[in-house]
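Here's my_file.txt, which has compact mmCIF, N, CA and C atoms:
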```txt
# COMPACT_ATOMS: atom_id res chain seq x y z
N MET O 142 8.30 19.25 5.62
CA MET O 142 7.31 19.93 6.42
C MET O 142 5.94 19.26 6.29
N VAL O 143 5.59 18.84 5.06
CA VAL O 143 4.31 18.16 4.84
C VAL O 143 4.26 16.88 5.66
N GLU O 144 5.40 16.15 5.71
CA GLU O 144 5.46 14.91 6.47
C GLU O 144 5.17 15.16 7.94
N ASN O 145 5.70 16.26 8.49
CA ASN O 145 5.46 16.59 9.90
C ASN O 145 3.97 16.77 10.16
N ASN O 146 3.30 17.49 9.26
CA ASN O 146 1.86 17.71 9.42
C ASN O 146 1.08 16.41 9.33
N GLU O 147 1.48 15.53 8.38
CA GLU O 147 0.80 14.24 8.22
C GLU O 147 0.93 13.41 9.50
N LEU O 148 2.12 13.39 10.07
CA LEU O 148 2.35 12.64 11.30
C LEU O 148 1.52 13.19 12.44
N ARG O 149 1.50 14.51 12.57
CA ARG O 149 0.72 15.13 13.65
C ARG O 149 -0.78 14.86 13.48
N LYS O 150 -1.28 14.97 12.24
CA LYS O 150 -2.70 14.71 11.98
C LYS O 150 -3.06 13.27 12.34
N ALA O 151 -2.09 12.36 12.17
CA ALA O 151 -2.33 10.95 12.48
C ALA O 151 -2.14 10.66 13.97
N GLY O 152 -1.76 11.68 14.74
CA GLY O 152 -1.59 11.51 16.18
C GLY O 152 -0.25 10.91 16.56
N LEU O 153 0.72 11.00 15.65
CA LEU O 153 2.06 10.45 15.92
C LEU O 153 3.05 11.58 16.19
N LYS O 154 3.95 11.32 17.11
CA LYS O 154 5.02 12.26 17.41
C LYS O 154 5.97 12.32 16.21
N VAL O 155 6.43 13.51 15.90
CA VAL O 155 7.35 13.68 14.78
C VAL O 155 8.75 13.28 15.23
N THR O 156 9.25 12.19 14.64
CA THR O 156 10.62 11.74 14.92
C THR O 156 11.34 11.63 13.59
N LEU O 157 12.65 11.68 13.62
CA LEU O 157 13.44 11.60 12.39
C LEU O 157 13.18 10.30 11.62
N PRO O 158 13.19 9.13 12.29
CA PRO O 158 12.90 7.91 11.52
C PRO O 158 11.53 7.92 10.86
N ARG O 159 10.52 8.41 11.55
CA ARG O 159 9.17 8.47 10.97
C ARG O 159 9.15 9.39 9.75
N VAL O 160 9.78 10.54 9.87
CA VAL O 160 9.81 11.49 8.76
C VAL O 160 10.54 10.87 7.57
N LYS O 161 11.69 10.25 7.82
CA LYS O 161 12.49 9.65 6.73
C LYS O 161 11.72 8.53 6.04
N ILE O 162 11.04 7.70 6.81
CA ILE O 162 10.30 6.58 6.22
C ILE O 162 9.11 7.10 5.42
N LEU O 163 8.41 8.10 5.95
CA LEU O 163 7.28 8.68 5.22
C LEU O 163 7.76 9.34 3.92
N GLN O 164 8.89 10.04 3.98
CA GLN O 164 9.46 10.64 2.77
C GLN O 164 9.82 9.56 1.75
N MET O 165 10.38 8.45 2.23
CA MET O 165 10.78 7.37 1.34
C MET O 165 9.56 6.78 0.63
N LEU O 166 8.50 6.54 1.38
CA LEU O 166 7.27 5.99 0.78
C LEU O 166 6.66 6.98 -0.21
N ASP O 167 6.75 8.26 0.11
CA ASP O 167 6.15 9.29 -0.73
C ASP O 167 6.92 9.48 -2.03
N SER O 168 8.23 9.28 -1.99
CA SER O 168 9.05 9.55 -3.18
C SER O 168 9.45 8.28 -3.92
N ALA O 169 8.94 7.15 -3.48
CA ALA O 169 9.33 5.87 -4.09
C ALA O 169 8.91 5.81 -5.55
N GLY O 170 9.76 5.22 -6.36
CA GLY O 170 9.46 5.04 -7.78
C GLY O 170 8.28 4.13 -8.00
N HIS O 171 8.12 3.14 -7.12
CA HIS O 171 6.94 2.28 -7.20
C HIS O 171 6.22 2.37 -5.86
N ARG O 172 4.92 2.28 -5.90
CA ARG O 172 4.11 2.57 -4.73
C ARG O 172 4.10 1.48 -3.67
N HIS O 173 4.42 0.27 -4.02
CA HIS O 173 4.31 -0.85 -3.09
C HIS O 173 5.69 -1.28 -2.64
N MET O 174 5.99 -1.06 -1.37
CA MET O 174 7.32 -1.37 -0.84
C MET O 174 7.19 -2.26 0.39
N SER O 175 8.05 -3.27 0.47
CA SER O 175 8.13 -4.08 1.68
C SER O 175 8.96 -3.32 2.71
N ALA O 176 8.93 -3.78 3.93
CA ALA O 176 9.78 -3.17 4.97
C ALA O 176 11.25 -3.26 4.55
N GLU O 177 11.62 -4.39 3.96
CA GLU O 177 13.00 -4.56 3.50
C GLU O 177 13.35 -3.58 2.38
N ASP O 178 12.39 -3.33 1.47
CA ASP O 178 12.61 -2.35 0.40
C ASP O 178 12.85 -0.96 0.98
N VAL O 179 12.03 -0.60 1.97
CA VAL O 179 12.18 0.72 2.61
C VAL O 179 13.54 0.81 3.28
N TYR O 180 13.91 -0.24 4.01
CA TYR O 180 15.19 -0.27 4.72
C TYR O 180 16.36 -0.13 3.74
N LYS O 181 16.33 -0.90 2.65
CA LYS O 181 17.42 -0.83 1.66
C LYS O 181 17.51 0.55 1.03
N ALA O 182 16.36 1.14 0.71
CA ALA O 182 16.35 2.48 0.11
C ALA O 182 16.91 3.52 1.08
N LEU O 183 16.58 3.38 2.36
CA LEU O 183 17.13 4.30 3.36
C LEU O 183 18.64 4.14 3.49
N MET O 184 19.09 2.89 3.48
CA MET O 184 20.54 2.63 3.57
C MET O 184 21.27 3.22 2.37
N GLU O 185 20.69 3.04 1.17
CA GLU O 185 21.30 3.59 -0.05
C GLU O 185 21.34 5.11 -0.03
N ALA O 186 20.38 5.71 0.67
CA ALA O 186 20.34 7.17 0.79
C ALA O 186 21.22 7.68 1.93
N GLY O 187 21.90 6.75 2.61
CA GLY O 187 22.79 7.14 3.70
C GLY O 187 22.09 7.42 5.01
N GLU O 188 20.86 6.99 5.14
CA GLU O 188 20.10 7.20 6.38
C GLU O 188 20.37 6.05 7.34
N ASP O 189 20.54 6.39 8.61
CA ASP O 189 20.84 5.39 9.63
C ASP O 189 19.58 5.02 10.40
N VAL O 190 18.77 4.15 9.78
CA VAL O 190 17.53 3.69 10.40
C VAL O 190 17.56 2.17 10.35
N GLY O 191 17.39 1.52 11.49
CA GLY O 191 17.47 0.06 11.56
C GLY O 191 16.24 -0.62 11.01
N LEU O 192 16.40 -1.88 10.61
CA LEU O 192 15.30 -2.65 10.06
C LEU O 192 14.16 -2.80 11.07
N ALA O 193 14.49 -3.04 12.33
CA ALA O 193 13.45 -3.17 13.36
C ALA O 193 12.65 -1.88 13.48
N THR O 194 13.32 -0.75 13.36
CA THR O 194 12.63 0.56 13.41
C THR O 194 11.69 0.70 12.23
N VAL O 195 12.14 0.27 11.04
CA VAL O 195 11.29 0.35 9.85
C VAL O 195 10.02 -0.48 10.06
N TYR O 196 10.17 -1.71 10.54
CA TYR O 196 8.99 -2.55 10.81
C TYR O 196 8.05 -1.88 11.82
N ARG O 197 8.62 -1.37 12.90
CA ARG O 197 7.81 -0.75 13.95
C ARG O 197 7.07 0.48 13.42
N VAL O 198 7.78 1.33 12.68
CA VAL O 198 7.18 2.55 12.16
C VAL O 198 6.09 2.22 11.13
N LEU O 199 6.33 1.26 10.27
CA LEU O 199 5.30 0.88 9.28
C LEU O 199 4.05 0.36 9.98
N THR O 200 4.22 -0.40 11.04
CA THR O 200 3.07 -0.89 11.81
C THR O 200 2.33 0.27 12.45
N GLN O 201 3.06 1.25 12.98
CA GLN O 201 2.44 2.45 13.55
C GLN O 201 1.70 3.24 12.48
N PHE O 202 2.31 3.37 11.30
CA PHE O 202 1.67 4.08 10.19
C PHE O 202 0.38 3.37 9.77
N GLU O 203 0.41 2.05 9.76
CA GLU O 203 -0.78 1.29 9.39
C GLU O 203 -1.90 1.54 10.41
N ALA O 204 -1.57 1.47 11.68
CA ALA O 204 -2.56 1.68 12.74
C ALA O 204 -3.13 3.10 12.69
N ALA O 205 -2.32 4.06 12.26
CA ALA O 205 -2.75 5.45 12.18
C ALA O 205 -3.46 5.77 10.87
N GLY O 206 -3.50 4.81 9.95
CA GLY O 206 -4.17 5.04 8.68
C GLY O 206 -3.36 5.76 7.63
N LEU O 207 -2.04 5.87 7.84
CA LEU O 207 -1.17 6.53 6.86
C LEU O 207 -0.78 5.61 5.72
N VAL O 208 -0.69 4.30 6.00
CA VAL O 208 -0.34 3.33 4.97
C VAL O 208 -1.35 2.18 4.99
N VAL O 209 -1.39 1.47 3.89
CA VAL O 209 -2.20 0.26 3.78
C VAL O 209 -1.24 -0.90 3.55
N ARG O 210 -1.45 -1.97 4.31
CA ARG O 210 -0.63 -3.18 4.17
C ARG O 210 -1.37 -4.16 3.26
N HIS O 211 -0.64 -4.73 2.32
CA HIS O 211 -1.19 -5.77 1.46
C HIS O 211 -0.36 -7.03 1.66
N ASN O 212 -1.05 -8.15 1.80
CA ASN O 212 -0.38 -9.44 1.89
C ASN O 212 -0.80 -10.27 0.68
N PHE O 213 -0.13 -10.03 -0.44
CA PHE O 213 -0.46 -10.76 -1.65
C PHE O 213 0.06 -12.19 -1.53
N ASP O 214 -0.69 -13.14 -2.11
CA ASP O 214 -0.31 -14.55 -2.04
C ASP O 214 1.13 -14.77 -2.50
N GLY O 215 1.82 -15.63 -1.77
CA GLY O 215 3.17 -16.01 -2.17
C GLY O 215 4.23 -14.97 -1.93
N GLY O 216 3.87 -13.89 -1.28
CA GLY O 216 4.85 -12.83 -1.04
C GLY O 216 4.74 -12.29 0.35
N HIS O 217 5.64 -11.40 0.67
CA HIS O 217 5.62 -10.77 1.99
C HIS O 217 4.76 -9.51 1.92
N ALA O 218 4.52 -8.93 3.06
CA ALA O 218 3.69 -7.73 3.12
C ALA O 218 4.35 -6.57 2.39
N VAL O 219 3.53 -5.82 1.67
CA VAL O 219 3.99 -4.58 1.05
C VAL O 219 3.07 -3.46 1.53
N PHE O 220 3.60 -2.26 1.53
CA PHE O 220 2.89 -1.11 2.03
C PHE O 220 2.78 -0.05 0.95
N GLU O 221 1.66 0.67 0.98
CA GLU O 221 1.50 1.82 0.10
C GLU O 221 0.84 2.93 0.89
N LEU O 222 1.14 4.17 0.53
CA LEU O 222 0.51 5.30 1.21
C LEU O 222 -1.00 5.24 1.00
N ALA O 223 -1.73 5.61 2.02
CA ALA O 223 -3.19 5.55 1.97
C ALA O 223 -3.77 6.84 1.41
N ASP O 224 -3.04 7.49 0.51
CA ASP O 224 -3.46 8.79 0.02
C ASP O 224 -4.22 8.73 -1.30
N SER O 225 -4.27 7.56 -1.91
CA SER O 225 -4.93 7.49 -3.21
C SER O 225 -6.34 6.93 -3.04
N GLY O 226 -7.14 7.15 -4.06
CA GLY O 226 -8.50 6.64 -4.03
C GLY O 226 -8.51 5.13 -4.23
N HIS O 227 -9.71 4.60 -4.30
CA HIS O 227 -9.85 3.15 -4.46
C HIS O 227 -9.22 2.68 -5.76
N HIS O 228 -8.54 1.57 -5.69
CA HIS O 228 -8.01 0.90 -6.87
C HIS O 228 -7.85 -0.57 -6.56
N ASP O 229 -7.71 -1.37 -7.59
CA ASP O 229 -7.49 -2.80 -7.45
C ASP O 229 -6.06 -3.10 -7.87
N HIS O 230 -5.67 -4.36 -7.73
CA HIS O 230 -4.29 -4.74 -8.01
C HIS O 230 -4.20 -5.97 -8.90
N MET O 231 -3.15 -5.97 -9.72
CA MET O 231 -2.72 -7.17 -10.42
C MET O 231 -1.31 -7.47 -9.91
N VAL O 232 -1.04 -8.73 -9.63
CA VAL O 232 0.28 -9.13 -9.15
C VAL O 232 0.82 -10.15 -10.13
N CYS O 233 1.99 -9.87 -10.70
CA CYS O 233 2.64 -10.80 -11.61
C CYS O 233 3.22 -11.95 -10.79
N VAL O 234 2.79 -13.18 -11.12
CA VAL O 234 3.23 -14.34 -10.34
C VAL O 234 4.70 -14.69 -10.60
N ASP O 235 5.26 -14.17 -11.69
CA ASP O 235 6.67 -14.46 -11.99
C ASP O 235 7.62 -13.43 -11.37
N SER O 236 7.27 -12.16 -11.49
CA SER O 236 8.19 -11.11 -11.04
C SER O 236 7.81 -10.50 -9.70
N GLY O 237 6.55 -10.67 -9.28
CA GLY O 237 6.08 -10.02 -8.06
C GLY O 237 5.66 -8.58 -8.26
N GLU O 238 5.77 -8.08 -9.49
CA GLU O 238 5.38 -6.71 -9.78
C GLU O 238 3.91 -6.50 -9.43
N VAL O 239 3.61 -5.34 -8.83
CA VAL O 239 2.23 -4.99 -8.47
C VAL O 239 1.79 -3.85 -9.37
N ILE O 240 0.67 -4.07 -10.06
CA ILE O 240 0.12 -3.07 -10.97
C ILE O 240 -1.22 -2.63 -10.42
N GLU O 241 -1.38 -1.32 -10.25
CA GLU O 241 -2.66 -0.77 -9.79
C GLU O 241 -3.54 -0.48 -10.99
N PHE O 242 -4.84 -0.70 -10.82
CA PHE O 242 -5.77 -0.33 -11.88
C PHE O 242 -7.14 0.00 -11.28
N TYR O 243 -7.92 0.72 -12.04
CA TYR O 243 -9.30 1.03 -11.68
C TYR O 243 -10.13 0.85 -12.93
N ASP O 244 -11.22 0.12 -12.81
CA ASP O 244 -12.11 -0.10 -13.94
C ASP O 244 -13.55 0.12 -13.50
N PRO O 245 -14.20 1.16 -13.98
CA PRO O 245 -15.57 1.46 -13.55
C PRO O 245 -16.55 0.34 -13.87
N ASP O 246 -16.31 -0.41 -14.95
CA ASP O 246 -17.21 -1.52 -15.29
C ASP O 246 -17.12 -2.62 -14.24
N ILE O 247 -15.91 -2.92 -13.78
CA ILE O 247 -15.75 -3.94 -12.73
C ILE O 247 -16.41 -3.47 -11.44
N GLU O 248 -16.22 -2.21 -11.10
CA GLU O 248 -16.82 -1.66 -9.88
C GLU O 248 -18.34 -1.76 -9.94
N LYS O 249 -18.91 -1.40 -11.08
CA LYS O 249 -20.36 -1.45 -11.25
C LYS O 249 -20.86 -2.88 -11.15
N LEU O 250 -20.18 -3.81 -11.81
CA LEU O 250 -20.59 -5.21 -11.79
C LEU O 250 -20.56 -5.78 -10.37
N GLN O 251 -19.55 -5.42 -9.59
CA GLN O 251 -19.47 -5.90 -8.21
C GLN O 251 -20.66 -5.41 -7.39
N ARG O 252 -21.02 -4.14 -7.55
CA ARG O 252 -22.18 -3.60 -6.83
C ARG O 252 -23.47 -4.31 -7.26
N GLU O 253 -23.59 -4.59 -8.55
CA GLU O 253 -24.79 -5.29 -9.06
C GLU O 253 -24.88 -6.71 -8.48
N ILE O 254 -23.76 -7.41 -8.44
CA ILE O 254 -23.74 -8.78 -7.91
C ILE O 254 -24.14 -8.78 -6.44
N VAL O 255 -23.58 -7.86 -5.68
CA VAL O 255 -23.89 -7.76 -4.25
C VAL O 255 -25.38 -7.49 -4.05
N LYS O 256 -25.91 -6.53 -4.82
CA LYS O 256 -27.32 -6.17 -4.71
C LYS O 256 -28.22 -7.35 -5.09
N ARG O 257 -27.85 -8.06 -6.16
CA ARG O 257 -28.63 -9.22 -6.62
C ARG O 257 -28.73 -10.28 -5.53
N HIS O 258 -27.72 -10.38 -4.68
CA HIS O 258 -27.71 -11.37 -3.60
C HIS O 258 -28.30 -10.82 -2.30
N GLY O 259 -28.82 -9.58 -2.36
CA GLY O 259 -29.49 -9.01 -1.21
C GLY O 259 -28.57 -8.40 -0.17
N PHE O 260 -27.41 -7.95 -0.60
CA PHE O 260 -26.47 -7.36 0.34
C PHE O 260 -26.12 -5.93 -0.08
N GLU O 261 -25.41 -5.28 0.81
CA GLU O 261 -24.87 -3.94 0.55
C GLU O 261 -23.35 -4.05 0.62
N LEU O 262 -22.68 -3.52 -0.39
CA LEU O 262 -21.21 -3.59 -0.43
C LEU O 262 -20.62 -2.62 0.59
N VAL O 263 -19.82 -3.14 1.49
CA VAL O 263 -19.18 -2.33 2.52
C VAL O 263 -17.76 -1.97 2.09
N ASP O 264 -17.05 -2.95 1.57
CA ASP O 264 -15.68 -2.75 1.12
C ASP O 264 -15.30 -3.95 0.27
N HIS O 265 -14.26 -3.83 -0.49
CA HIS O 265 -13.76 -4.99 -1.23
C HIS O 265 -12.30 -4.80 -1.59
N ASN O 266 -11.69 -5.90 -1.93
CA ASN O 266 -10.28 -5.90 -2.30
C ASN O 266 -10.12 -6.92 -3.42
N LEU O 267 -9.87 -6.44 -4.63
CA LEU O 267 -9.73 -7.31 -5.78
C LEU O 267 -8.26 -7.41 -6.15
N VAL O 268 -7.74 -8.63 -6.18
CA VAL O 268 -6.37 -8.88 -6.59
C VAL O 268 -6.40 -9.93 -7.70
N LEU O 269 -5.85 -9.59 -8.84
CA LEU O 269 -5.74 -10.54 -9.96
C LEU O 269 -4.29 -10.99 -10.04
N TYR O 270 -4.09 -12.29 -10.06
CA TYR O 270 -2.74 -12.83 -10.20
C TYR O 270 -2.52 -13.13 -11.68
N VAL O 271 -1.49 -12.54 -12.25
CA VAL O 271 -1.31 -12.55 -13.70
C VAL O 271 0.09 -13.01 -14.09
N ARG O 272 0.21 -13.32 -15.36
CA ARG O 272 1.51 -13.68 -15.96
C ARG O 272 1.55 -13.03 -17.33
N LYS O 273 2.71 -12.49 -17.71
CA LYS O 273 2.86 -11.88 -19.03
C LYS O 273 2.60 -12.92 -20.10
N LYS O 274 1.91 -12.51 -21.15
CA LYS O 274 1.66 -13.42 -22.25
C LYS O 274 2.98 -13.70 -22.98
N SER O 275 3.15 -14.94 -23.40
CA SER O 275 4.40 -15.25 -24.12
C SER O 275 4.20 -15.24 -25.61
```

Whole structure given in structure tokens:
Amino acid sequence: MVENNELRKAGLKVTLPRVKILQMLDSAGHRHMSAEDVYKALMEAGEDVGLATVYRVLTQFEAAGLVVRHNFDGGHAVFELADSGHHDHMVCVDSGEVIEFYDPDIEKLQREIVKRHGFELVDHNLVLYVRKKS
């Protein structure tokens, strides 16, 4: 029922594929899923939704502001629900794992740097590419 309301608020017609995909993103064990990840999870759950439909719906969700698309270097696009507050990302270059983090000191430093250069921060996207220490 919550998914139906979210779709309507975003101006999208409530359809079974949209509801199923939104539910999948909402209940996913990890927040960042590619279209292929969503498709595989739907197939494993016994849902009959085609890959082309998943791509189309995710694009519609992005346009409606329900999801955020990330194109991390060296990988394909991943999507996350746009329901959380600001956070930054670390991407493991070996496994592709995406780790979300928020650090108030980093946020403050970015605002100070922008101000020092005579600008106003409008938005930013910080991605750190990392590798586990051996």

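Residues of chain O carrying a DSSP assignment of strand (DSSP E), computed from the backbone, are Val208, Val209, Arg210, His211, Val219, Phe220, Glu221, Leu222, Asp229, His230, Met231, Val232, Cys233, Val239, Ile240, Glu241, Phe242, Val268, Leu269, Tyr270 and Val271 of chain O.
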
Checklist entry - So which bits of chain O end up helix (DSSP H, G or I) when you DSSP the backbone, as a ChimeraX atom specification? => result /O:143-150,157-168,176-185,192-205,245-257

Range 215-266 of chain O residues near range 149-172 of chain O within 9 Å, closest pair each, using only C-alpha atoms, as a Markdown table:
```
| residue | atom | partner | partner_atom | distance |
| --- | --- | --- | --- | --- |
| O:Phe220 | CA | O:Arg172 | CA | 7.8 |
| O:Glu221 | CA | O:Arg172 | CA | 5.5 |
| O:Leu222 | CA | O:Leu166 | CA | 6.8 |
| O:Val239 | CA | O:Arg172 | CA | 8.6 |
```

Keeping N, CA and C atoms for every residue in the selection just given, could you write it to a file as a PDB file, in the frame of the given file?
```pdb
ATOM      1  N   PHE O 220       3.600  -2.260   1.530  1.00  0.00           N
ATOM      2  CA  PHE O 220       2.890  -1.110   2.030  1.00  0.00           C
ATOM      3  C   PHE O 220       2.780  -0.050   0.950  1.00  0.00           C
ATOM      4  N   GLU O 221       1.660   0.670   0.980  1.00  0.00           N
ATOM      5  CA  GLU O 221       1.500   1.820   0.100  1.00  0.00           C
ATOM      6  C   GLU O 221       0.840   2.930   0.890  1.00  0.00           C
ATOM      7  N   LEU O 222       1.140   4.170   0.530  1.00  0.00           N
ATOM      8  CA  LEU O 222       0.510   5.300   1.210  1.00  0.00           C
ATOM      9  C   LEU O 222      -1.000   5.240   1.000  1.00  0.00           C
ATOM     10  N   VAL O 239       3.610  -5.340  -8.830  1.00  0.00           N
ATOM     11  CA  VAL O 239       2.230  -4.990  -8.470  1.00  0.00           C
ATOM     12  C   VAL O 239       1.790  -3.850  -9.370  1.00  0.00           C
TER      13      VAL O 239
END
```

Item to check | Computed interatomic separation between CA of Thr200 in chain O and CA of Asp224 in chain O (Å) | outcome: 16.6 Å

Next on the checklist: Please list, as a ChimeraX atom specification, the residues that have an atom at most 8 Å away from (-1.2, 4.3, -9.4) in the coordinates of this file, counting only C-alpha atoms.
Outcome noted: /O:172,225,240-242

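One distance worth recording is that between atom N of Asn212 in chain O and atom N of Ala176 in chain O, which is 11.1 Å.
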
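From atom C of Asp246 in chain O back to atom N of Phe213 in chain O, the distance works out to 23.1 Å.
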